[in-house]
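*Asks:* Supplied structure: my_file_16.pdb, PDB, C-alpha atoms.
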```
ATOM      1  CA  MET A   1    -175.256  56.484-184.886
ATOM      2  CA  GLN A   2    -174.456  60.165-185.053
ATOM      3  CA  PHE A   3    -174.732  62.348-181.932
ATOM      4  CA  GLU A   4    -175.057  66.097-181.829
ATOM      5  CA  ILE A   5    -175.342  68.597-178.954
ATOM      6  CA  ALA A   6    -177.383  71.722-179.622
ATOM      7  CA  PRO A   7    -179.156  74.382-177.525
ATOM      8  CA  ILE A   8    -182.906  74.027-177.120
ATOM      9  CA  LYS A   9    -184.717  77.347-177.318
ATOM     10  CA  GLN A  10    -188.325  76.168-177.583
ATOM     11  CA  LYS A  11    -190.060  75.835-174.210
ATOM     12  CA  GLU A  12    -192.649  73.415-175.593
ATOM     13  CA  VAL A  13    -189.993  71.029-176.933
ATOM     14  CA  TRP A  14    -188.191  71.090-173.588
ATOM     15  CA  GLU A  15    -191.243  70.617-171.405
ATOM     16  CA  THR A  16    -192.640  67.821-173.567
ATOM     17  CA  PHE A  17    -189.402  65.862-173.135
ATOM     18  CA  VAL A  18    -189.373  66.381-169.358
ATOM     19  CA  ALA A  19    -193.047  65.414-169.032
ATOM     20  CA  THR A  20    -192.443  62.230-171.020
ATOM     21  CA  HIS A  21    -189.229  61.007-169.414
ATOM     22  CA  ALA A  22    -188.942  62.587-165.924
ATOM     23  CA  PRO A  23    -192.081  64.523-164.927
ATOM     24  CA  GLN A  24    -190.828  64.753-161.321
ATOM     25  CA  ALA A  25    -187.630  66.603-162.327
ATOM     26  CA  LEU A  26    -188.502  70.034-160.956
ATOM     27  CA  PHE A  27    -185.000  71.463-161.336
ATOM     28  CA  GLN A  28    -184.865  70.546-165.016
ATOM     29  CA  SER A  29    -188.085  72.440-165.716
ATOM     30  CA  TRP A  30    -188.060  75.447-168.014
ATOM     31  CA  LEU A  31    -189.507  77.561-165.211
ATOM     32  CA  TRP A  32    -186.656  76.643-162.868
ATOM     33  CA  GLY A  33    -184.265  77.852-165.525
ATOM     34  CA  GLU A  34    -186.125  81.165-165.525
ATOM     35  CA  VAL A  35    -185.676  81.360-161.747
ATOM     36  CA  GLN A  36    -181.918  80.909-162.168
ATOM     37  CA  GLU A  37    -181.797  83.623-164.806
ATOM     38  CA  ARG A  38    -183.566  86.012-162.444
ATOM     39  CA  LEU A  39    -180.896  85.193-159.879
ATOM     40  CA  GLU A  40    -178.332  86.139-162.537
ATOM     41  CA  HIS A  41    -176.874  82.658-162.851
ATOM     42  CA  LYS A  42    -175.565  81.636-166.236
ATOM     43  CA  ILE A  43    -177.563  78.712-167.653
ATOM     44  CA  TRP A  44    -177.491  76.425-170.682
ATOM     45  CA  ARG A  45    -180.335  74.259-171.999
ATOM     46  CA  LEU A  46    -178.743  71.542-174.107
ATOM     47  CA  GLY A  47    -180.283  68.787-176.170
ATOM     48  CA  LEU A  48    -178.615  65.507-177.172
ATOM     49  CA  PHE A  49    -179.713  64.405-180.627
ATOM     50  CA  GLU A  50    -179.156  60.904-181.985
ATOM     51  CA  ASP A  51    -179.604  60.788-185.770
ATOM     52  CA  SER A  52    -181.543  64.084-185.447
ATOM     53  CA  LYS A  53    -183.879  62.679-182.765
ATOM     54  CA  LEU A  54    -183.908  64.261-179.273
ATOM     55  CA  VAL A  55    -182.742  61.601-176.783
ATOM     56  CA  GLY A  56    -181.510  63.672-173.856
ATOM     57  CA  ILE A  57    -181.520  67.103-172.231
ATOM     58  CA  ALA A  58    -179.456  68.890-169.599
ATOM     59  CA  GLN A  59    -180.217  72.223-167.975
ATOM     60  CA  ILE A  60    -176.899  73.421-166.605
ATOM     61  CA  VAL A  61    -176.424  76.201-164.065
ATOM     62  CA  LYS A  62    -173.094  77.817-163.307
ATOM     63  CA  ILE A  63    -172.645  78.179-159.545
ATOM     64  CA  ILE A  64    -170.023  80.572-158.217
ATOM     65  CA  ALA A  65    -169.661  79.784-154.526
ATOM     66  CA  LYS A  66    -167.073  80.573-151.874
ATOM     67  CA  ARG A  67    -166.015  76.935-151.892
ATOM     68  CA  GLY A  68    -165.457  76.984-155.684
ATOM     69  CA  THR A  69    -167.123  77.311-159.088
ATOM     70  CA  PHE A  70    -168.980  74.357-160.583
ATOM     71  CA  LEU A  71    -171.574  73.416-163.190
ATOM     72  CA  HIS A  72    -174.712  71.974-161.642
ATOM     73  CA  ILE A  73    -177.227  69.711-163.405
ATOM     74  CA  ARG A  74    -179.892  69.276-160.728
ATOM     75  CA  HIS A  75    -182.408  66.462-161.317
ATOM     76  CA  GLY A  76    -180.606  65.707-164.550
ATOM     77  CA  PRO A  77    -179.483  65.015-167.152
ATOM     78  CA  ILE A  78    -182.647  63.375-168.484
ATOM     79  CA  PHE A  79    -182.342  60.690-171.158
ATOM     80  CA  VAL A  80    -184.659  58.435-173.106
ATOM     81  CA  SER A  81    -182.432  55.707-171.679
ATOM     82  CA  HIS A  82    -179.452  56.085-169.345
ATOM     83  CA  THR A  83    -176.850  54.364-171.514
ATOM     84  CA  LYS A  84    -173.125  54.887-171.182
ATOM     85  CA  THR A  85    -173.048  56.256-174.744
ATOM     86  CA  HIS A  86    -175.686  58.902-174.010
ATOM     87  CA  TRP A  87    -173.917  59.991-170.844
ATOM     88  CA  GLU A  88    -170.504  60.149-172.521
ATOM     89  CA  SER A  89    -171.890  62.258-175.372
ATOM     90  CA  ILE A  90    -173.295  64.874-172.967
ATOM     91  CA  LEU A  91    -170.277  64.803-170.649
ATOM     92  CA  ASP A  92    -167.748  65.350-173.423
ATOM     93  CA  TYR A  93    -169.497  68.615-174.189
ATOM     94  CA  VAL A  94    -170.066  69.671-170.560
ATOM     95  CA  LYS A  95    -166.444  69.024-169.582
ATOM     96  CA  LYS A  96    -165.281  71.394-172.316
ATOM     97  CA  LEU A  97    -167.857  73.925-171.144
ATOM     98  CA  ALA A  98    -166.644  73.576-167.556
ATOM     99  CA  ARG A  99    -163.074  74.349-168.566
ATOM    100  CA  GLN A 100    -164.207  77.358-170.608
ATOM    101  CA  GLU A 101    -166.143  78.642-167.585
ATOM    102  CA  HIS A 102    -163.239  77.963-165.184
ATOM    103  CA  ALA A 103    -165.361  75.509-163.194
ATOM    104  CA  TRP A 104    -163.620  73.016-160.924
ATOM    105  CA  PHE A 105    -166.161  70.220-161.203
ATOM    106  CA  ILE A 106    -169.512  69.077-162.583
ATOM    107  CA  ARG A 107    -172.279  67.956-160.228
ATOM    108  CA  VAL A 108    -175.223  65.841-161.406
ATOM    109  CA  SER A 109    -178.208  64.463-159.496
ATOM    110  CA  PRO A 110    -180.528  62.669-161.942
ATOM    111  CA  LEU A 111    -183.762  61.257-160.543
ATOM    112  CA  ILE A 112    -182.899  57.639-161.281
ATOM    113  CA  ALA A 113    -183.019  54.665-158.938
ATOM    114  CA  ASN A 114    -180.276  54.180-156.374
ATOM    115  CA  SER A 115    -179.321  50.851-157.910
ATOM    116  CA  GLU A 116    -176.144  48.835-158.417
ATOM    117  CA  GLU A 117    -176.562  49.292-162.178
ATOM    118  CA  HIS A 118    -176.542  53.090-161.945
ATOM    119  CA  THR A 119    -173.763  53.140-159.346
ATOM    120  CA  THR A 120    -171.620  51.040-161.688
ATOM    121  CA  LEU A 121    -172.450  53.334-164.608
ATOM    122  CA  PHE A 122    -171.335  56.409-162.667
ATOM    123  CA  SER A 123    -168.135  54.676-161.615
ATOM    124  CA  HIS A 124    -167.319  53.849-165.255
ATOM    125  CA  LEU A 125    -167.920  57.509-166.120
ATOM    126  CA  HIS A 126    -165.361  58.514-163.428
ATOM    127  CA  PHE A 127    -167.909  60.161-161.153
ATOM    128  CA  ARG A 128    -167.623  59.939-157.390
ATOM    129  CA  PRO A 129    -170.420  60.391-154.816
ATOM    130  CA  ALA A 130    -170.645  64.040-153.773
ATOM    131  CA  ALA A 131    -169.485  64.840-150.249
ATOM    132  CA  ILE A 132    -172.548  67.000-149.646
ATOM    133  CA  HIS A 133    -175.425  65.560-147.592
ATOM    134  CA  GLU A 134    -178.593  64.302-149.274
ATOM    135  CA  VAL A 135    -180.295  67.250-150.960
ATOM    136  CA  ASP A 136    -182.737  67.987-153.802
ATOM    137  CA  GLY A 137    -185.248  65.425-152.560
ATOM    138  CA  GLU A 138    -183.151  62.387-153.487
ATOM    139  CA  ARG A 139    -184.723  60.565-150.517
ATOM    140  CA  CYS A 140    -188.275  61.846-150.334
ATOM    141  CA  TRP A 141    -191.617  60.955-148.793
ATOM    142  CA  VAL A 142    -194.609  60.930-151.145
ATOM    143  CA  LEU A 143    -198.331  60.448-150.683
ATOM    144  CA  ASP A 144    -200.442  59.018-153.495
ATOM    145  CA  LEU A 145    -203.645  61.029-153.892
ATOM    146  CA  ASP A 146    -205.775  58.387-155.637
ATOM    147  CA  LYS A 147    -207.955  58.024-152.520
ATOM    148  CA  SER A 148    -210.847  59.952-151.003
ATOM    149  CA  GLU A 149    -210.187  62.511-148.270
ATOM    150  CA  GLU A 150    -211.653  60.097-145.741
ATOM    151  CA  GLU A 151    -209.299  57.328-146.872
ATOM    152  CA  LEU A 152    -206.315  59.686-146.732
ATOM    153  CA  LEU A 153    -207.196  60.671-143.172
ATOM    154  CA  MET A 154    -207.531  57.042-142.132
ATOM    155  CA  GLY A 155    -204.116  56.289-143.628
ATOM    156  CA  MET A 156    -202.438  58.817-141.341
ATOM    157  CA  ARG A 157    -200.824  58.217-137.998
ATOM    158  CA  LYS A 158    -203.442  58.544-135.250
ATOM    159  CA  THR A 159    -201.712  61.540-133.660
ATOM    160  CA  THR A 160    -201.466  63.345-137.011
ATOM    161  CA  ARG A 161    -205.166  62.886-137.636
ATOM    162  CA  TYR A 162    -205.879  64.164-134.100
ATOM    163  CA  GLU A 163    -203.766  67.305-134.634
ATOM    164  CA  ILE A 164    -205.609  68.144-137.857
ATOM    165  CA  LYS A 165    -208.981  67.782-136.156
ATOM    166  CA  LEU A 166    -207.767  69.830-133.171
ATOM    167  CA  ALA A 167    -206.665  72.667-135.461
ATOM    168  CA  GLN A 168    -210.083  72.624-137.102
ATOM    169  CA  LYS A 169    -211.778  72.642-133.703
ATOM    170  CA  LEU A 170    -209.641  75.624-132.642
ATOM    171  CA  ASN A 171    -210.716  77.470-135.807
ATOM    172  CA  VAL A 172    -207.236  77.738-137.273
ATOM    173  CA  SER A 173    -207.753  79.289-140.692
ATOM    174  CA  VAL A 174    -205.552  78.611-143.723
ATOM    175  CA  ARG A 175    -205.261  81.321-146.334
ATOM    176  CA  LYS A 176    -204.016  80.477-149.815
ATOM    177  CA  SER A 177    -202.275  83.090-151.915
ATOM    178  CA  SER A 178    -200.456  83.426-155.219
ATOM    179  CA  ASN A 179    -199.575  87.051-154.514
ATOM    180  CA  PRO A 180    -195.817  87.644-154.027
ATOM    181  CA  ALA A 181    -196.671  90.579-151.745
ATOM    182  CA  ASP A 182    -197.810  88.071-149.113
ATOM    183  CA  LEU A 183    -194.333  86.536-148.917
ATOM    184  CA  SER A 184    -193.353  89.087-146.274
ATOM    185  CA  LEU A 185    -195.531  87.153-143.805
ATOM    186  CA  PHE A 186    -193.788  83.900-144.733
ATOM    187  CA  PHE A 187    -190.283  85.377-144.461
ATOM    188  CA  ARG A 188    -191.008  86.624-140.948
ATOM    189  CA  LEU A 189    -191.716  83.017-139.934
ATOM    190  CA  TYR A 190    -188.844  81.656-142.024
ATOM    191  CA  LYS A 191    -186.276  83.876-140.320
ATOM    192  CA  GLU A 192    -187.398  82.660-136.893
ATOM    193  CA  THR A 193    -187.418  79.030-138.055
ATOM    194  CA  SER A 194    -183.835  79.270-139.337
ATOM    195  CA  LYS A 195    -182.658  80.653-135.993
ATOM    196  CA  ARG A 196    -184.506  77.944-134.054
ATOM    197  CA  HIS A 197    -183.120  75.072-136.115
ATOM    198  CA  GLY A 198    -179.750  76.578-137.001
ATOM    199  CA  PHE A 199    -179.901  76.334-140.782
ATOM    200  CA  VAL A 200    -178.856  78.827-143.454
ATOM    201  CA  THR A 201    -181.858  80.318-145.226
ATOM    202  CA  HIS A 202    -182.335  79.459-148.892
ATOM    203  CA  GLN A 203    -181.671  82.230-151.374
ATOM    204  CA  GLY A 204    -184.042  82.941-154.239
ATOM    205  CA  ILE A 205    -187.317  81.890-152.613
ATOM    206  CA  ALA A 206    -189.036  85.117-153.694
ATOM    207  CA  GLU A 207    -187.870  84.716-157.300
ATOM    208  CA  GLU A 208    -188.917  81.056-157.285
ATOM    209  CA  PHE A 209    -192.395  81.903-156.016
ATOM    210  CA  GLU A 210    -192.889  84.783-158.455
ATOM    211  CA  VAL A 211    -191.931  82.717-161.513
ATOM    212  CA  PHE A 212    -194.051  79.689-160.611
ATOM    213  CA  ALA A 213    -197.022  81.667-159.252
ATOM    214  CA  ASP A 214    -197.180  83.633-162.502
ATOM    215  CA  GLN A 215    -198.019  80.308-164.192
ATOM    216  CA  GLN A 216    -200.404  79.197-161.416
ATOM    217  CA  LYS A 217    -197.829  76.641-160.280
ATOM    218  CA  ALA A 218    -197.037  77.961-156.785
ATOM    219  CA  LEU A 219    -199.159  78.539-153.716
ATOM    220  CA  LEU A 220    -198.418  80.150-150.372
ATOM    221  CA  LEU A 221    -200.418  78.770-147.444
ATOM    222  CA  LEU A 222    -200.569  80.695-144.154
ATOM    223  CA  ALA A 223    -202.164  79.325-140.977
ATOM    224  CA  THR A 224    -203.644  81.912-138.603
ATOM    225  CA  HIS A 225    -205.095  81.585-135.107
ATOM    226  CA  GLU A 226    -206.753  84.503-133.344
ATOM    227  CA  GLY A 227    -205.219  86.949-135.788
ATOM    228  CA  LYS A 228    -201.650  85.632-135.481
ATOM    229  CA  VAL A 229    -199.838  83.891-138.348
ATOM    230  CA  LEU A 230    -198.302  80.726-136.898
ATOM    231  CA  ALA A 231    -197.080  78.708-139.882
ATOM    232  CA  GLY A 232    -196.544  78.930-143.605
ATOM    233  CA  ALA A 233    -195.679  76.709-146.537
ATOM    234  CA  ILE A 234    -194.791  77.183-150.191
ATOM    235  CA  VAL A 235    -196.033  74.419-152.456
ATOM    236  CA  LEU A 236    -195.016  74.076-156.113
ATOM    237  CA  PHE A 237    -197.063  72.226-158.716
ATOM    238  CA  TYR A 238    -195.061  70.591-161.458
ATOM    239  CA  GLY A 239    -195.633  67.549-163.612
ATOM    240  CA  ASN A 240    -197.774  65.042-161.762
ATOM    241  CA  GLN A 241    -196.910  66.232-158.270
ATOM    242  CA  ALA A 242    -197.361  68.929-155.661
ATOM    243  CA  ILE A 243    -194.084  69.636-153.863
ATOM    244  CA  TYR A 244    -193.817  70.921-150.295
ATOM    245  CA  HIS A 245    -190.731  73.000-151.025
ATOM    246  CA  HIS A 246    -190.430  75.456-148.124
ATOM    247  CA  GLY A 247    -191.951  75.592-144.664
ATOM    248  CA  ALA A 248    -191.775  77.882-141.655
ATOM    249  CA  SER A 249    -193.430  78.263-138.268
ATOM    250  CA  ILE A 250    -193.136  79.773-134.829
ATOM    251  CA  THR A 251    -193.155  77.758-131.621
ATOM    252  CA  SER A 252    -196.761  77.211-130.581
ATOM    253  CA  LYS A 253    -199.035  74.601-129.008
ATOM    254  CA  ILE A 254    -201.509  75.204-131.832
ATOM    255  CA  PRO A 255    -201.028  72.480-134.516
ATOM    256  CA  ALA A 256    -200.903  74.987-137.386
ATOM    257  CA  SER A 257    -198.348  73.065-139.483
ATOM    258  CA  TYR A 258    -200.599  70.000-139.559
ATOM    259  CA  ILE A 259    -203.618  71.828-140.918
ATOM    260  CA  ILE A 260    -201.457  73.555-143.536
ATOM    261  CA  GLN A 261    -200.277  70.204-144.906
ATOM    262  CA  TRP A 262    -203.817  68.859-144.949
ATOM    263  CA  GLU A 263    -205.080  71.894-146.864
ATOM    264  CA  ALA A 264    -202.160  71.617-149.297
ATOM    265  CA  ILE A 265    -203.037  67.951-149.889
ATOM    266  CA  ARG A 266    -206.689  68.878-150.460
ATOM    267  CA  GLU A 267    -205.650  71.610-152.917
ATOM    268  CA  ALA A 268    -203.479  69.151-154.838
ATOM    269  CA  LYS A 269    -206.413  66.752-155.134
ATOM    270  CA  LYS A 270    -208.626  69.572-156.456
ATOM    271  CA  ARG A 271    -206.036  70.263-159.146
ATOM    272  CA  GLY A 272    -206.004  66.628-160.227
ATOM    273  CA  ILE A 273    -202.439  66.097-158.984
ATOM    274  CA  LYS A 274    -201.496  62.444-158.503
ATOM    275  CA  VAL A 275    -198.752  62.720-155.875
ATOM    276  CA  TYR A 276    -198.048  64.995-152.911
ATOM    277  CA  ASN A 277    -194.296  65.169-152.368
ATOM    278  CA  PHE A 278    -193.249  66.039-148.808
ATOM    279  CA  TYR A 279    -189.674  66.241-150.139
ATOM    280  CA  GLY A 280    -186.538  65.312-148.202
ATOM    281  CA  VAL A 281    -186.494  62.909-145.253
ATOM    282  CA  ALA A 282    -183.733  61.453-143.081
ATOM    283  CA  PRO A 283    -182.359  57.930-143.603
ATOM    284  CA  GLU A 284    -183.844  55.363-141.211
ATOM    285  CA  ASN A 285    -180.397  54.280-140.003
ATOM    286  CA  LYS A 286    -179.477  57.767-138.707
ATOM    287  CA  PRO A 287    -181.555  58.422-135.567
ATOM    288  CA  ASN A 288    -179.579  61.611-134.758
ATOM    289  CA  HIS A 289    -179.970  63.142-138.223
ATOM    290  CA  PRO A 290    -180.946  66.859-138.126
ATOM    291  CA  TRP A 291    -184.047  66.053-140.213
ATOM    292  CA  ARG A 292    -185.315  63.385-137.790
ATOM    293  CA  GLY A 293    -188.064  65.580-136.323
ATOM    294  CA  ILE A 294    -189.426  66.857-139.637
ATOM    295  CA  THR A 295    -189.197  63.307-141.015
ATOM    296  CA  LEU A 296    -191.477  61.966-138.271
ATOM    297  CA  PHE A 297    -193.873  64.842-138.998
ATOM    298  CA  LYS A 298    -193.985  64.093-142.726
ATOM    299  CA  LYS A 299    -194.347  60.339-142.355
ATOM    300  CA  GLY A 300    -197.298  60.838-140.026
ATOM    301  CA  PHE A 301    -199.453  61.728-143.048
ATOM    302  CA  GLY A 302    -199.002  58.269-144.563
ATOM    303  CA  GLY A 303    -197.251  57.486-147.818
ATOM    304  CA  ARG A 304    -194.103  55.836-149.079
ATOM    305  CA  GLU A 305    -190.411  56.565-149.498
ATOM    306  CA  ILE A 306    -188.645  57.020-152.839
ATOM    307  CA  GLU A 307    -184.864  56.929-153.008
ATOM    308  CA  TYR A 308    -182.906  58.233-155.975
ATOM    309  CA  ILE A 309    -179.160  57.955-156.542
ATOM    310  CA  HIS A 310    -177.026  60.405-154.557
ATOM    311  CA  ALA A 311    -175.532  63.461-156.272
ATOM    312  CA  HIS A 312    -172.234  62.690-158.006
ATOM    313  CA  ASP A 313    -169.275  64.874-158.934
ATOM    314  CA  LEU A 314    -166.904  64.798-161.877
ATOM    315  CA  ALA A 315    -163.683  66.684-161.211
ATOM    316  CA  VAL A 316    -162.288  68.791-164.071
ATOM    317  CA  SER A 317    -159.594  70.541-162.018
ATOM    318  CA  PRO A 318    -157.176  69.473-159.254
ATOM    319  CA  LEU A 319    -158.738  72.303-157.208
ATOM    320  CA  TYR A 320    -161.818  70.087-156.726
ATOM    321  CA  VAL A 321    -160.163  68.791-153.545
ATOM    322  CA  ILE A 322    -160.907  72.158-151.883
ATOM    323  CA  PRO A 323    -164.749  72.142-152.162
ATOM    324  CA  ARG A 324    -164.830  68.414-151.455
ATOM    325  CA  THR A 325    -162.925  68.855-148.190
ATOM    326  CA  ILE A 326    -165.118  71.804-147.166
ATOM    327  CA  GLU A 327    -168.318  69.816-147.844
ATOM    328  CA  ILE A 328    -167.088  66.812-145.868
ATOM    329  CA  ILE A 329    -166.337  69.037-142.861
ATOM    330  CA  ARG A 330    -169.701  70.804-143.115
ATOM    331  CA  ARG A 331    -171.637  67.551-143.408
ATOM    332  CA  LEU A 332    -169.930  65.951-140.411
ATOM    333  CA  SER A 333    -170.190  69.088-138.243
ATOM    334  CA  ARG A 334    -173.935  69.325-138.886
ATOM    335  CA  GLY A 335    -174.563  65.671-138.131
ATOM    336  CA  TYR A 336    -175.645  64.471-141.586
TER     337      TYR A 336
END
```
Kindly return the structure encoded in the file as structure tokens.

*Replies:*
Amino acid sequence: MQFEIAPIKQKEVWETFVATHAPQALFQSWLWGEVQERLEHKIWRLGLFEDSKLVGIAQIVKIIAKRGTFLHIRHGPIFVSHTKTHWESILDYVKKLARQEHAWFIRVSPLIANSEEHTTLFSHLHFRPAAIHEVDGERCWVLDLDKSEEELLMGMRKTTRYEIKLAQKLNVSVRKSSNPADLSLFFRLYKETSKRHGFVTHQGIAEEFEVFADQQKALLLLATHEGKVLAGAIVLFYGNQAIYHHGASITSKIPASYIIQWEAIREAKKRGIKVYNFYGVAPENKPNHPWRGITLFKKGFGGREIEYIHAHDLAVSPLYVIPRTIEIIRRLSRGY
């Protein structure tokens, strides 16, 4: 067997591989790479070829953060099969790249099962579990959309179904938009939400929406009652799923967030999407987790949990101890 690493410059080749081997891997999509380029991050799209056949890909983003510089492969790498040989072939190249780019470590978070087999594989490759809390939807709540609307409603928690019907009774309207100009309404809500829950706002939401909306793969939903915008959500459509990626709301007794999710689910069904992904949820064994409230909200719509392996780090510099220590302190201080 002869392995070769080479850049992939054809979008169709890239997207066909993702669709075949990891259609849920949003952050390995070509469009996500375009988002990173707009944010002026350096990216690489690499292909692993075995005897001239494409057997793996890795979209790598260089992150320059206060806690240190690293190469990030979110939702990847993606392989035809996750063998030790395939991983070693990619990592040999990426480690050299990391040193050239003065990165302290490599972080990967492939969407593969959180199994003993994969944990053992990562250990043999000298990875260690990242100190950061669960991110990138590695523990997510999904709803299969192969049912009628009536069946989906009946599969919800009773209180969730009641809140949806109440919002309808109160004439809460939900507007759908693919126009980036409407994001100003969302950001007003988002700023208030971040203050209320004490989280740092995500950077690059506008760029993300613009890139995906240009390809009809992003939708902004805004819930309004008596002329006042109460809640908003940004949903991305990629592969076989609709992804609830960002949400915001103001404190209100009107159940605006419930009707937004229901309309997003209905939109996904219209588009022929198979799965609605509510994204990250808290572990069951952590009742005081900061995501506990939003987790109860998401699970009220019915569905099932999927758990992927936690993000792992590969140190390429002794300085890795600095970002690791910072992330441990941050995680513990925030209650994750």

*Asks:* So that I can check the surroundings of range 307-315 of chain A, please list as a list in words every protein, DNA and RNA residue that reaches within 6 Å of it, counting all atoms listed in the file and ignoring chain neighbours fewer than 6 positions away.

*Replies:*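 Neighbouring residues, sequence-local ones excluded: Phe105, Ile106, Arg107, Val108, Ser109, Leu111, Ile112, Ala113, Asn114, Phe127, Arg128, Pro129, Ala130, Glu138 and Arg139 of chain A.
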
*Asks:* Starting from the shown file, work through the PyMOL selection byres ((chain A and resi 173) around 8) and note down what comes out as a list in words.

*Replies:*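 Applied to this file, the PyMOL selection byres ((chain A and resi 173) around 8) returns Gln168, Asn171, Val172, Val174, Arg175, Ala223, Thr224 and His225 of chain A.
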
*Asks:* Give me the result of the PyMOL selection byres ((chain A and resi 278) around 6) on this file, residue by residue, as a VMD selection string.

*Replies:* chain A and resid 141 to 142 244 277 279

*Asks:* Could you save the residues just selected, with C-alpha atoms, as a PDB file, keeping the file's coordinate frame?

*Replies:*
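For reference, selection.pdb as written:
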```pdb
ATOM      1  CA  TRP A 141    -191.617  60.955-148.793  1.00  0.00           C
ATOM      2  CA  VAL A 142    -194.609  60.930-151.145  1.00  0.00           C
ATOM      3  CA  TYR A 244    -193.817  70.921-150.295  1.00  0.00           C
ATOM      4  CA  ASN A 277    -194.296  65.169-152.368  1.00  0.00           C
ATOM      5  CA  TYR A 279    -189.674  66.241-150.139  1.00  0.00           C
TER       6      TYR A 279
END
```

*Asks:* A:Ser184, A:Ser81, A:Ile60, A:Gly303: which is nearest Gln36 in chain A, counting all atoms listed in the file?

*Replies:* A:Ile60

*Asks:* Work out how far apart CA of Phe27 in chain A and CA of Lys286 in chain A are and give it in Å to one decimal.

*Replies:*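 Interatomic distance, CA of Phe27 in chain A to CA of Lys286 in chain A: 27.0 Å.
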
*Asks:* In terms of the shortest atom-to-atom distance over all atoms listed in the file, which of A:Ala233, A:Pro7, A:Lys147, A:Val316 is closest to Glu101 in chain A?

*Replies:*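 Selected residue with least distance to Glu101 in chain A: A:Val316.
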
*Asks:* Which one is closest to Tyr258 in chain A: A:Ser177, A:Thr160, A:Gln216, A:Thr325? Count only C-alpha atoms.

*Replies:*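 The closest residue to Tyr258 in chain A is A:Thr160.
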
*Asks:* Please compute the CA of His72 in chain A-CA of Ala58 in chain A distance, one decimal, in Å.

*Replies:*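 Atom-to-atom, CA of His72 in chain A and CA of Ala58 in chain A are spaced 9.8 Å apart.
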
*Asks:* Leaving out range 48-50 of chain A and any residue of its chain fewer than 6 positions from it, which residues lie within 6 Å of it when counting all atoms listed in the file, given as a VMD selection string?

*Replies:* chain A and resid 2 to 5 56 to 57

*Asks:* In terms of the shortest atom-to-atom distance over all atoms listed in the file, which of A:Ile265, A:Leu221, A:Ile43, A:Met156 is closest to Ser249 in chain A?

*Replies:*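 Answer, going by the shortest atom-to-atom distance: A:Leu221.
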
*Asks:* Between A:His118, A:Arg331, A:His126, A:Arg324, which has the minimum distance to Phe70 in chain A (counting all atoms listed in the file)?

*Replies:* A:Arg324

*Asks:* Applying 12 Å and all atoms listed in the file, which residues near Gln241 in chain A remain after dropping the ones on its own chain fewer than 3 positions away? List them as an MDAnalysis selection string.

*Replies:* chainID A and resid 19 22:26 142:145 217:218 235:238 244:245 264:265 267:269 271:279

*Asks:* Can you list what the PyMOL selection byres ((chain A and resi 294) around 12) grabs from this structure, as a PyMOL selection string?

*Replies:* chain A and resi 140-141+197+247-248+257-258+278-282+289-293+295-301

*Asks:* Go ahead and save the picked residues with C-alpha atoms, as a compact mmCIF listing (two decimals), in the frame of the given file.

*Replies:*
```txt
# COMPACT_ATOMS: atom_id res chain seq x y z
CA CYS A 140 -188.28 61.85 -150.33
CA TRP A 141 -191.62 60.96 -148.79
CA HIS A 197 -183.12 75.07 -136.12
CA GLY A 247 -191.95 75.59 -144.66
CA ALA A 248 -191.78 77.88 -141.66
CA SER A 257 -198.35 73.06 -139.48
CA TYR A 258 -200.60 70.00 -139.56
CA PHE A 278 -193.25 66.04 -148.81
CA TYR A 279 -189.67 66.24 -150.14
CA GLY A 280 -186.54 65.31 -148.20
CA VAL A 281 -186.49 62.91 -145.25
CA ALA A 282 -183.73 61.45 -143.08
CA HIS A 289 -179.97 63.14 -138.22
CA PRO A 290 -180.95 66.86 -138.13
CA TRP A 291 -184.05 66.05 -140.21
CA ARG A 292 -185.32 63.38 -137.79
CA GLY A 293 -188.06 65.58 -136.32
CA THR A 295 -189.20 63.31 -141.01
CA LEU A 296 -191.48 61.97 -138.27
CA PHE A 297 -193.87 64.84 -139.00
CA LYS A 298 -193.98 64.09 -142.73
CA LYS A 299 -194.35 60.34 -142.35
CA GLY A 300 -197.30 60.84 -140.03
CA PHE A 301 -199.45 61.73 -143.05
```

*Asks:* Quick one: of A:Gln59, A:Thr201, A:Pro110, A:His124, who's nearest to Glu37 in chain A, counting all atoms listed in the file?

*Replies:* A:Gln59

*Asks:* Find the spatial neighbours of Leu170 in chain A, counting all atoms listed in the file, within a cut-off of 12 Å - ignore same-chain residues fewer than 3 positions away - and output them as a PDB file with C-alpha atoms, keeping the file's coordinate frame.

*Replies:*
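Output (out32.pdb):
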```
ATOM      1  CA  GLU A 163    -203.766  67.305-134.634  1.00  0.00           C
ATOM      2  CA  ILE A 164    -205.609  68.144-137.857  1.00  0.00           C
ATOM      3  CA  LYS A 165    -208.981  67.782-136.156  1.00  0.00           C
ATOM      4  CA  LEU A 166    -207.767  69.830-133.171  1.00  0.00           C
ATOM      5  CA  ALA A 167    -206.665  72.667-135.461  1.00  0.00           C
ATOM      6  CA  SER A 173    -207.753  79.289-140.692  1.00  0.00           C
ATOM      7  CA  ALA A 223    -202.164  79.325-140.977  1.00  0.00           C
ATOM      8  CA  THR A 224    -203.644  81.912-138.603  1.00  0.00           C
ATOM      9  CA  HIS A 225    -205.095  81.585-135.107  1.00  0.00           C
ATOM     10  CA  GLU A 226    -206.753  84.503-133.344  1.00  0.00           C
ATOM     11  CA  LYS A 253    -199.035  74.601-129.008  1.00  0.00           C
ATOM     12  CA  ILE A 254    -201.509  75.204-131.832  1.00  0.00           C
ATOM     13  CA  PRO A 255    -201.028  72.480-134.516  1.00  0.00           C
ATOM     14  CA  ALA A 256    -200.903  74.987-137.386  1.00  0.00           C
ATOM     15  CA  ILE A 259    -203.618  71.828-140.918  1.00  0.00           C
TER      16      ILE A 259
END
```
